[in-house]
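Novice: target-v8.txt (compact mmCIF, C-alpha atoms and all ligand atoms) pasted underneath:
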# COMPACT_ATOMS: atom_id res chain seq x y z
CA MET A 1 75.63 67.17 9.54
CA ILE A 2 72.25 65.49 9.57
CA LEU A 3 72.17 61.73 10.09
CA PHE A 4 69.36 59.66 8.58
CA LYS A 5 68.78 55.98 9.23
CA LYS A 6 65.44 55.73 7.41
CA ALA A 7 65.31 55.90 3.61
CA GLY A 8 61.87 57.56 3.65
CA GLU A 9 62.99 60.37 5.95
CA LEU A 10 66.11 61.04 3.88
CA HIS A 11 64.07 60.99 0.68
CA ASN A 12 61.58 63.53 2.06
CA TRP A 13 64.31 65.84 3.35
CA LEU A 14 66.13 65.74 0.00
CA ASP A 15 62.91 66.41 -1.89
CA ALA A 16 62.46 69.61 0.10
CA GLN A 17 65.99 70.69 -0.88
CA ARG A 18 65.22 70.10 -4.56
CA GLU A 19 62.64 72.88 -4.39
CA LYS A 20 65.49 75.23 -3.48
CA ASN A 21 67.30 74.14 -6.68
CA HIS A 22 70.19 72.75 -4.70
CA THR A 23 72.34 70.18 -6.47
CA LYS A 24 73.30 67.00 -4.66
CA GLY A 25 76.57 65.13 -4.78
CA PHE A 26 76.55 61.54 -3.51
CA VAL A 27 79.46 59.53 -2.10
CA PRO A 28 78.54 55.90 -1.36
CA THR A 29 80.94 54.10 0.99
CA MET A 30 81.25 51.08 3.25
CA GLY A 31 82.76 53.14 6.06
CA ALA A 32 86.13 52.74 7.83
CA LEU A 33 86.79 56.09 6.21
CA HIS A 34 90.23 57.37 5.22
CA ASP A 35 91.56 60.35 3.28
CA GLY A 36 90.64 58.69 -0.04
CA HIS A 37 86.96 58.75 0.93
CA LEU A 38 87.31 62.29 2.27
CA SER A 39 88.75 63.44 -1.06
CA LEU A 40 85.50 62.33 -2.71
CA ILE A 41 83.53 64.32 -0.11
CA ASP A 42 85.74 67.30 -0.87
CA SER A 43 85.17 67.02 -4.64
CA SER A 44 81.43 66.81 -4.09
CA LYS A 45 81.44 69.82 -1.76
CA LYS A 46 83.20 71.89 -4.41
CA GLU A 47 80.59 71.10 -7.06
CA ASN A 48 77.30 70.82 -5.16
CA GLU A 49 75.29 72.63 -2.51
CA ILE A 50 74.55 69.38 -0.70
CA THR A 51 76.85 66.43 -0.16
CA VAL A 52 75.36 63.11 0.91
CA CYS A 53 77.56 60.25 2.09
CA SER A 54 76.25 56.77 2.79
CA ILE A 55 77.89 54.17 4.99
CA PHE A 56 76.55 50.70 4.37
CA VAL A 57 78.53 47.46 4.42
CA ASN A 58 76.60 45.83 1.62
CA PRO A 59 76.12 42.10 2.30
CA THR A 60 75.20 41.28 -1.33
CA GLN A 61 78.61 42.22 -2.74
CA PHE A 62 80.69 39.92 -0.53
CA ASN A 63 81.21 36.49 -2.01
CA GLN A 64 82.98 35.30 1.15
CA LYS A 65 81.14 35.41 4.47
CA GLU A 66 84.45 35.79 6.30
CA ASP A 67 85.39 38.90 4.31
CA PHE A 68 82.00 40.47 5.15
CA GLU A 69 82.35 39.61 8.84
CA ASN A 70 85.92 40.93 9.01
CA TYR A 71 85.16 44.19 7.20
CA PRO A 72 86.39 46.99 9.50
CA VAL A 73 83.73 49.10 11.25
CA THR A 74 84.77 52.44 12.81
CA ILE A 75 81.47 54.27 12.81
CA GLU A 76 82.12 56.84 15.57
CA LYS A 77 85.37 57.92 13.95
CA ASP A 78 83.65 58.01 10.56
CA ILE A 79 80.93 60.35 11.84
CA TYR A 80 83.57 62.61 13.35
CA LEU A 81 85.56 62.69 10.07
CA LEU A 82 82.50 63.41 7.96
CA GLU A 83 81.35 66.15 10.28
CA SER A 84 84.76 67.79 10.47
CA ASN A 85 85.10 67.65 6.67
CA GLY A 86 81.82 69.44 6.09
CA CYS A 87 79.65 66.58 4.83
CA ASP A 88 76.00 67.69 4.98
CA VAL A 89 74.14 64.41 5.24
CA LEU A 90 75.05 60.91 6.35
CA PHE A 91 72.79 58.01 5.42
CA LEU A 92 73.44 55.12 7.77
CA PRO A 93 70.78 52.52 6.99
CA PHE A 94 70.00 49.02 8.26
CA VAL A 95 69.76 46.33 5.59
CA ASN A 96 65.94 46.48 5.36
CA GLU A 97 66.05 50.19 4.44
CA VAL A 98 68.27 49.48 1.42
CA TYR A 99 66.56 46.21 0.51
CA PRO A 100 62.90 46.61 1.57
CA HIS A 101 61.96 43.60 -0.61
CA GLY A 102 64.79 41.45 0.74
CA THR A 103 67.78 40.11 -1.15
CA GLU A 104 66.44 36.69 -2.10
CA ASN A 105 65.17 37.37 -5.64
CA PRO A 106 67.47 40.07 -6.93
CA ARG A 107 67.12 41.81 -10.27
CA GLN A 108 69.83 40.69 -12.71
CA TYR A 109 71.81 43.44 -14.44
CA ASP A 110 73.05 42.62 -17.92
CA LEU A 111 76.58 43.98 -17.58
CA GLY A 112 78.11 42.02 -20.46
CA LYS A 113 81.71 40.77 -20.50
CA ILE A 114 82.98 43.17 -17.84
CA GLU A 115 81.05 41.32 -15.14
CA ASN A 116 83.10 38.13 -15.23
CA ILE A 117 86.65 39.30 -15.88
CA LEU A 118 89.30 40.49 -13.37
CA GLU A 119 87.47 41.13 -10.05
CA GLY A 120 84.37 39.42 -11.46
CA LYS A 121 86.31 36.22 -12.09
CA TYR A 122 87.73 36.09 -8.57
CA ARG A 123 84.61 37.40 -6.81
CA PRO A 124 81.64 35.77 -8.55
CA GLY A 125 78.44 37.75 -8.04
CA HIS A 126 80.32 40.76 -6.65
CA PHE A 127 79.28 43.22 -9.36
CA GLN A 128 75.63 42.14 -9.30
CA GLY A 129 75.71 42.97 -5.57
CA VAL A 130 77.40 46.31 -6.25
CA CYS A 131 74.73 47.16 -8.84
CA MET A 132 71.95 46.14 -6.45
CA VAL A 133 73.15 48.44 -3.70
CA VAL A 134 74.06 51.38 -5.93
CA HIS A 135 70.73 51.16 -7.79
CA SER A 136 68.82 51.17 -4.51
CA LEU A 137 70.87 54.05 -3.04
CA LEU A 138 70.50 56.12 -6.22
CA GLU A 139 66.73 55.72 -6.11
CA ILE A 140 66.72 56.96 -2.52
CA VAL A 141 69.18 59.85 -2.95
CA LYS A 142 68.53 60.82 -6.60
CA PRO A 143 71.83 62.73 -6.84
CA ASP A 144 72.94 65.09 -9.60
CA ARG A 145 76.51 63.81 -9.35
CA LEU A 146 77.90 60.47 -8.19
CA TYR A 147 81.48 60.39 -6.87
CA LEU A 148 83.53 57.19 -7.17
CA GLY A 149 87.22 56.46 -6.70
CA GLN A 150 89.46 55.30 -9.52
CA LYS A 151 90.92 52.95 -6.90
CA ASP A 152 88.04 50.59 -7.78
CA TYR A 153 88.51 51.02 -11.51
CA GLN A 154 86.38 48.11 -12.71
CA GLN A 155 83.62 49.15 -10.32
CA CYS A 156 83.60 52.61 -11.98
CA MET A 157 83.16 51.02 -15.41
CA VAL A 158 80.42 48.71 -14.07
CA ILE A 159 78.54 51.61 -12.52
CA ALA A 160 78.81 53.61 -15.75
CA LYS A 161 77.11 50.63 -17.42
CA LEU A 162 74.54 50.41 -14.61
CA LEU A 163 73.58 54.07 -15.10
CA GLU A 164 72.86 53.29 -18.77
CA LEU A 165 70.86 50.16 -17.90
CA ILE A 166 68.63 51.97 -15.41
CA ASN A 167 68.32 55.09 -17.60
CA MET A 168 70.01 57.36 -15.12
CA ASN A 169 73.02 58.23 -17.30
CA SER A 170 71.44 61.46 -18.51
CA THR A 171 70.37 62.67 -15.05
CA ILE A 172 73.40 61.62 -12.98
CA GLU A 173 76.91 62.74 -13.80
CA LEU A 174 79.53 60.13 -12.92
CA LYS A 175 82.68 61.65 -11.44
CA ILE A 176 85.71 59.38 -11.20
CA CYS A 177 88.19 60.80 -8.68
CA PRO A 178 91.93 60.01 -8.47
CA THR A 179 93.27 57.36 -6.10
CA LEU A 180 94.74 58.79 -2.91
CA ARG A 181 97.93 57.09 -1.81
CA GLU A 182 100.09 56.82 1.30
CA LYS A 183 103.49 58.53 1.14
CA ASP A 184 105.19 55.34 -0.10
CA GLY A 185 102.58 54.88 -2.86
CA LEU A 186 100.26 52.29 -1.31
CA ALA A 187 96.69 53.02 -2.39
CA MET A 188 94.61 54.00 0.65
CA SER A 189 92.07 51.33 1.52
CA SER A 190 89.92 50.42 4.51
CA ARG A 191 91.52 46.97 4.26
CA ASN A 192 95.02 48.38 4.93
CA MET A 193 94.24 48.57 8.65
CA ARG A 194 94.19 44.77 8.70
CA LEU A 195 97.84 44.55 7.58
CA ASN A 196 100.48 43.84 10.22
CA GLU A 197 103.73 45.82 10.23
CA GLU A 198 105.62 43.46 7.92
CA GLU A 199 102.69 43.05 5.52
CA ARG A 200 102.23 46.82 5.43
CA LYS A 201 105.85 47.27 4.34
CA LYS A 202 105.44 44.73 1.54
CA ALA A 203 102.03 46.03 0.44
CA VAL A 204 103.68 48.92 -1.41
CA GLU A 205 105.05 46.44 -3.98
CA ILE A 206 101.67 46.44 -5.75
CA SER A 207 101.92 50.14 -6.51
CA LYS A 208 105.59 49.69 -7.46
CA VAL A 209 104.99 46.95 -10.03
CA LEU A 210 102.16 48.99 -11.59
CA SER A 211 104.51 51.97 -11.90
CA ILE A 212 107.14 49.77 -13.53
CA ILE A 213 104.57 48.60 -16.11
CA LYS A 214 103.68 52.25 -16.80
CA LYS A 215 107.35 53.17 -17.20
CA ASP A 216 108.36 50.19 -19.34
CA LEU A 217 105.30 50.06 -21.61
CA LEU A 218 106.33 50.08 -25.28
CA PRO A 219 104.42 49.17 -28.44
CA GLY A 220 104.58 45.46 -29.27
CA ASP A 221 104.27 42.37 -27.07
CA ILE A 222 103.48 43.43 -23.48
CA GLU A 223 102.84 40.01 -21.98
CA SER A 224 106.28 39.87 -20.33
CA LEU A 225 105.52 43.08 -18.36
CA LYS A 226 102.64 41.27 -16.65
CA GLN A 227 104.71 38.15 -15.98
CA ASN A 228 107.58 40.17 -14.48
CA ALA A 229 105.16 41.98 -12.19
CA ILE A 230 103.59 38.70 -11.01
CA ARG A 231 107.04 37.25 -10.34
CA GLU A 232 108.09 40.30 -8.33
CA LEU A 233 104.94 40.17 -6.20
CA GLU A 234 105.29 36.44 -5.58
CA LYS A 235 108.92 36.97 -4.55
CA ASN A 236 107.58 39.35 -1.89
CA GLY A 237 105.14 36.79 -0.52
CA PHE A 238 101.94 37.77 -2.34
CA ILE A 239 99.41 35.35 -3.74
CA VAL A 240 98.54 37.03 -7.02
CA ASP A 241 95.05 36.80 -8.51
CA TYR A 242 95.96 38.87 -11.55
CA VAL A 243 98.20 41.52 -13.03
CA GLU A 244 96.55 42.67 -16.22
CA ILE A 245 97.03 45.37 -18.83
CA ALA A 246 93.69 46.18 -20.35
CA ASP A 247 91.65 48.58 -22.46
CA VAL A 248 90.56 51.54 -20.30
CA GLU A 249 86.89 51.13 -21.20
CA THR A 250 86.12 47.48 -21.88
CA LEU A 251 88.88 46.17 -19.55
CA GLU A 252 89.57 43.43 -22.07
CA SER A 253 93.12 42.12 -21.81
CA VAL A 254 95.70 43.51 -24.25
CA ASN A 255 98.78 41.42 -25.12
CA LYS A 256 100.10 43.37 -28.09
CA TRP A 257 99.97 47.16 -27.84
CA ASP A 258 99.67 49.36 -30.93
CA GLY A 259 101.09 52.37 -29.06
CA LYS A 260 97.77 54.24 -29.26
CA GLN A 261 95.07 52.32 -27.40
CA LYS A 262 94.45 53.76 -23.92
CA LEU A 263 95.43 51.19 -21.30
CA VAL A 264 95.16 50.59 -17.57
CA ALA A 265 97.32 48.23 -15.52
CA LEU A 266 95.37 46.45 -12.78
CA CYS A 267 96.36 44.14 -9.97
CA ALA A 268 94.75 42.08 -7.22
CA ALA A 269 96.94 40.22 -4.76
CA THR A 270 96.77 38.90 -1.22
CA ILE A 271 99.36 39.42 1.49
CA GLY A 272 98.77 37.61 4.81
CA ASN A 273 95.02 37.31 4.60
CA VAL A 274 94.35 40.76 3.17
CA ARG A 275 93.38 41.02 -0.48
CA LEU A 276 94.41 44.34 -2.04
CA ILE A 277 93.59 45.87 -5.42
CA ASP A 278 95.12 48.78 -7.28
CA ASN A 279 95.47 50.15 -10.80
CA LYS A 280 97.29 52.83 -12.79
CA LEU A 281 96.49 54.41 -16.13
CA THR A 282 99.54 53.75 -18.27
CA ASN A 283 99.37 56.27 -21.10
P1 LIG B 1 84.56 51.69 -0.15
O1 LIG B 1 84.16 52.24 1.17
O2 LIG B 1 85.83 50.94 -0.15
O3 LIG B 1 83.43 50.97 -0.84
O4 LIG B 1 84.87 52.96 -1.06
C1 LIG B 1 83.94 53.98 -1.24
C2 LIG B 1 84.39 54.87 -2.36
O5 LIG B 1 85.67 55.43 -2.03
C3 LIG B 1 84.57 54.11 -3.68
O6 LIG B 1 84.11 54.90 -4.76
C4 LIG B 1 86.05 53.90 -3.74
O7 LIG B 1 86.57 53.74 -5.04
C5 LIG B 1 86.56 55.19 -3.10
N1 LIG B 1 87.93 55.01 -2.61
C6 LIG B 1 88.41 53.99 -1.88
N2 LIG B 1 89.74 54.14 -1.68
C7 LIG B 1 90.09 55.28 -2.31
C8 LIG B 1 91.33 55.98 -2.48
N3 LIG B 1 92.48 55.51 -1.98
N4 LIG B 1 91.33 57.12 -3.18
C9 LIG B 1 90.18 57.61 -3.72
N5 LIG B 1 88.98 57.00 -3.60
C10 LIG B 1 88.94 55.85 -2.91
Please rewrite the model in this file as structure tokens.
Ligand code: AMP

Specialist:
Amino acid sequence: MILFKKAGELHNWLDAQREKNHTKGFVPTMGALHDGHLSLIDSSKKENEITVCSIFVNPTQFNQKEDFENYPVTIEKDIYLLESNGCDVLFLPFVNEVYPHGTENPRQYDLGKIENILEGKYRPGHFQGVCMVVHSLLEIVKPDRLYLGQKDYQQCMVIAKLLELINMNSTIELKICPTLREKDGLAMSSRNMRLNEEERKKAVEISKVLSIIKKDLLPGDIESLKQNAIRELEKNGFIVDYVEIADVETLESVNKWDGKQKLVALCAATIGNVRLIDNKLTN
């Protein structure tokens, strides 16, 4: 695996590969890698000659300084995991490589309604920061395929919109990969390592209530499914930001289901001081 810290050097190296007609798959991450991340690397390896992973804890997408400062960093282990899983290139930049013009006067992306609902409501500015970093990384890497995890469902929809806004939707294929879970069902996340033993045991409830929604979903009023899920999580000590059942594309809330519309159940809740998110497609 080749490690680049400078955007210019990575760009030049990748340009040389383009002449060989090699396709590039790109997996952007914030590090503290787990099997979920590695499954994206694996998907990219299957479909491309070159797989590029980036590790960059993006300051512009954290709306709370504390969350940014507490974000887990395990860089030596990450390098080992990437190397042993056959990743070809790691981009490990400092902030000025990703944001050469600084972060003070950012471009605004017109994302529409999806920006301020669900995660956007609880993390104001988060998706503008996500778009900033992904836009910059895509300009450096210029991949053929971009690999994202369904775990961050709203982020996938936002990035699909971003690709349209920056006219990259015809040159970059967006691949949304399934969420990898622990044996008990908890969605793998870098944040899970901040859970203590008791919190870890309870954390599985998020996945459980989403499965119950999926199982119990019937045409008609579905509001009570959300309320039951919230109650169950609160009973287990969570502070719940939302449990929502929404349209798979727009993510607009659905209260009465016609039995046909494709839906996704999404949840964000905090246990101890760790905020977790998860989602499941329901039909
Ligand atoms: P992060 O490092 O958390 O920004 O995640 C980097 C990429 O890995 C994103 O596209 C995530 O959606 C994806 N990812 C995170 N957790 C999982 C998981 N459990 N299964 C599959 N993909 C994941």

Novice: Quick one: residues within 6 Å of A:Ala246, only C-alpha atoms counted, chain neighbours fewer than 5 positions away excluded, as a ChimeraX atom specification?

Specialist: /A:251-254,263-264

Novice: Neighbours of ligand LIG 1 (chain B) at 7 Å or closer, counting only C-alpha atoms and all ligand atoms: which residues, as a PDB file with C-alpha atoms, in the frame of the given file?

Specialist:
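Once everything was written out, this is out.pdb:
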ATOM      1  CA  VAL A  27      79.460  59.530  -2.100  1.00  0.00           C
ATOM      2  CA  PRO A  28      78.540  55.900  -1.360  1.00  0.00           C
ATOM      3  CA  THR A  29      80.940  54.100   0.990  1.00  0.00           C
ATOM      4  CA  MET A  30      81.250  51.080   3.250  1.00  0.00           C
ATOM      5  CA  GLY A  31      82.760  53.140   6.060  1.00  0.00           C
ATOM      6  CA  ALA A  32      86.130  52.740   7.830  1.00  0.00           C
ATOM      7  CA  LEU A  33      86.790  56.090   6.210  1.00  0.00           C
ATOM      8  CA  GLY A  36      90.640  58.690  -0.040  1.00  0.00           C
ATOM      9  CA  HIS A  37      86.960  58.750   0.930  1.00  0.00           C
ATOM     10  CA  SER A  39      88.750  63.440  -1.060  1.00  0.00           C
ATOM     11  CA  LEU A  40      85.500  62.330  -2.710  1.00  0.00           C
ATOM     12  CA  TYR A 147      81.480  60.390  -6.870  1.00  0.00           C
ATOM     13  CA  LEU A 148      83.530  57.190  -7.170  1.00  0.00           C
ATOM     14  CA  GLY A 149      87.220  56.460  -6.700  1.00  0.00           C
ATOM     15  CA  GLN A 150      89.460  55.300  -9.520  1.00  0.00           C
ATOM     16  CA  LYS A 151      90.920  52.950  -6.900  1.00  0.00           C
ATOM     17  CA  ASP A 152      88.040  50.590  -7.780  1.00  0.00           C
ATOM     18  CA  CYS A 177      88.190  60.800  -8.680  1.00  0.00           C
ATOM     19  CA  PRO A 178      91.930  60.010  -8.470  1.00  0.00           C
ATOM     20  CA  THR A 179      93.270  57.360  -6.100  1.00  0.00           C
ATOM     21  CA  LEU A 180      94.740  58.790  -2.910  1.00  0.00           C
ATOM     22  CA  ARG A 181      97.930  57.090  -1.810  1.00  0.00           C
ATOM     23  CA  ALA A 187      96.690  53.020  -2.390  1.00  0.00           C
ATOM     24  CA  MET A 188      94.610  54.000   0.650  1.00  0.00           C
ATOM     25  CA  SER A 189      92.070  51.330   1.520  1.00  0.00           C
ATOM     26  CA  SER A 190      89.920  50.420   4.510  1.00  0.00           C
TER      27      SER A 190
END

Novice: When distances are computed from only C-alpha atoms, which of A:Glu69, A:Asp216, A:Glu198, A:Asp88 shows the smallest separation from A:Asp42?

Specialist: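 Answer, going by the shortest atom-to-atom distance: A:Asp88.
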
Novice: When distances are computed from all atoms listed in the file, which of A:Val243, A:Ala7, A:Leu14, A:Val204 shows the smallest separation from A:Phe94?

Specialist: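 With all atoms listed in the file as the atom set, the closest residue is A:Ala7.
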
Novice: Can you tell me which residues surround A:Gln227 at a distance of at most 12 Å, considering all atoms listed in the file, apart from same-chain residues fewer than 5 positions away, and format the answer as a list in words?

Specialist: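 Contacts, in chain order: Val209, Leu210, Ile213, Asp221, Ile222, Glu232, Leu233, Glu234, Val240, Tyr242, Val243, Glu244, Ile245, Asn255 and Cys267 of chain A.
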
Novice: Of the candidates A:His101, A:Lys142, A:Lys208, A:Arg107, which shows the shortest atom-to-atom distance to A:Gln17, using all atoms listed in the file?

Specialist: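 Comparing A:His101, A:Lys142, A:Lys208, A:Arg107 against A:Gln17, the winner is A:Lys142.
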
Novice: For each of A:Asn228, A:His126, A:Arg200, A:Lys24, take the minimum atom-to-atom distance to A:Thr171, counting all atoms listed in the file, then give the residue where this is smallest.

Specialist: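 Answer, going by the shortest atom-to-atom distance: A:Lys24.
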
Novice: Hey, can you check how far atom CA of A:Ile75 sits from atom CA of A:Tyr99?

Specialist: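 Spanning atom CA of A:Ile75 to atom CA of A:Tyr99 is a straight-line distance of 20.9 Å.
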